[in-house]
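Take a look at the structure below.
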Amino acid sequence: ETDRRIIRDRISALKKDLAAIDRQMATQRGNRGALVRVAVVGYTNVGKSTLMNTVAKSDVFAENKLFATLDSTFRTLNPDTKPKMILIDTVGFIRKLPKQLMESFKSTLDEVREADILVHVLDISHPNFEDHFRVVNETLTEIDKEEKPTIVVFNKIDAYKAPENELDDSEGCSSIELLKKSWMSKLGSKKAIFISAQKKQNMEELREVLYQEVKEIFKVRYPYNNFLY
């Protein structure tokens with residue numbers, strides 16, 4: 001009985017801590033002003049933090065393991081752009097995310113709900129990346145019913161081994177051009193980009209697509225303030 005009482009007290013204290021974190025995060029979200037929020041989402045261990053480090057030239061912790069990212073990380077693009085945008089690294093999703101974890105990750109999941117744009121990162125070298133794509137989309141639908149502009153980013157192209165005869169290079173195209181012509185480029189989005197965050201391949205295209213998406217949001221949000229973009 002004493003052990004159970006100690007456990008109950010500990011659970012109660014943790015719930016209060018989570019509530020305090022939620023209040024702090026809500027205050028931070030309210031202080032971001034006119035910045036457009038871009039949430040980087042995806043299955044766990046697909047390279048979201050590495051992408052953040054490359055695009056923002058930052059030092060977000062990145063490691064090849066489950067749940068290397070447990071809390072939201074915020075960065076702006078470097079070099080800075082106009083309009084301004086903020087990149088948000090979120091916790092990696094998994095199949096059938098337990099309800100208990102959903103509560104623990106509430107603050108980072110709230111960032112997904114309040115984001116203006118989603119960058120859905122896939123590990124193209126993983127044999128089950130299509131299944132991961134579906135799992136993440138189902139989780140996103142569960143936590144947020146609102147449709148958001150989404151950019152699908154196929155990461156780790158440097159480690160991708162295409163099945164025989166899948167990519168036809170008879171026209172002498174580059175590997176990225178061939179991937180853009182493949183069925184993968186139509187997986188859930190017209191805005192599919194193929195990159196290697198670790199090798200810094202094709203990152204400029206990602207930055208340009210992000211910039212154009214953010215610019216469109218600014219045009220709607222501030223139609224008479226062209227100086228913002």
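Each chain in the structure tokens gets a letter, A, B, ..., in the order shown, and its residues are numbered from 1; ligands are numbered from 1 in order too.
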Practice task
Extract, using only C-alpha atoms, all DNA, RNA and protein residues at most 7 Å from Val119 in chain A, discarding same-chain residues fewer than 3 positions from it, and format them as a ChimeraX atom specification.
Solution key: /A:38-41,150-153
List as a JSON list (two decimals) with C-alpha atoms, in the first residue's frame the protein and nucleic acid residues near Lys48 in chain A, meaning an atom at most 9 Å away when only C-alpha atoms are counted, but skip any in the same chain fewer than 6 places from it.
[["chain", "number", "residue", "atom", "x", "y", "z"],
["A", 40, "VAL", "CA", 9.03, 18.71, -39.50],
["A", 41, "VAL", "CA", 7.19, 15.41, -38.98],
["A", 42, "GLY", "CA", 7.82, 11.78, -39.82],
["A", 62, "ALA", "CA", 20.61, 13.71, -33.83],
["A", 89, "ASP", "CA", 11.54, 19.50, -34.99],
["A", 90, "THR", "CA", 8.97, 17.12, -33.49],
["A", 92, "GLY", "CA", 9.18, 10.77, -34.31],
["A", 120, "HIS", "CA", 6.76, 15.06, -43.95],
["A", 121, "VAL", "CA", 10.17, 13.34, -43.98],
["A", 122, "LEU", "CA", 10.54, 9.76, -45.25],
["A", 155, "ASN", "CA", 15.59, 11.66, -47.24],
["A", 197, "ALA", "CA", 20.35, 15.74, -45.32]]
Handout entry: From A:Val112, A:Val91, A:Ile176, A:Ile124, residue lying nearest Glu146 in chain A [only C-alpha atoms]
Key =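 Distance minimum relative to Glu146 in chain A lands on A:Val112.
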Exercise for the section: May I ask which of the residues A:Asp9, A:Val55, A:Val135, A:Ile217 is the closest one to Glu205 in chain A, counting only C-alpha atoms? Expected result: A:Val55
Practice task
Could you tell me which of A:Thr139, A:Ile193, A:Ala13, A:Ser175 comes closest to Phe154 in chain A if we count only C-alpha atoms?
Solution key: A:Ile193
Exercise for the section: Any chance you could list, as an MDAnalysis selection string, the residues in range 108-229 of chain A that come up strand (DSSP E or B) when DSSP is run on the backbone? Expected result: chainID A and resid 117:123 150:155 192:194 196 201
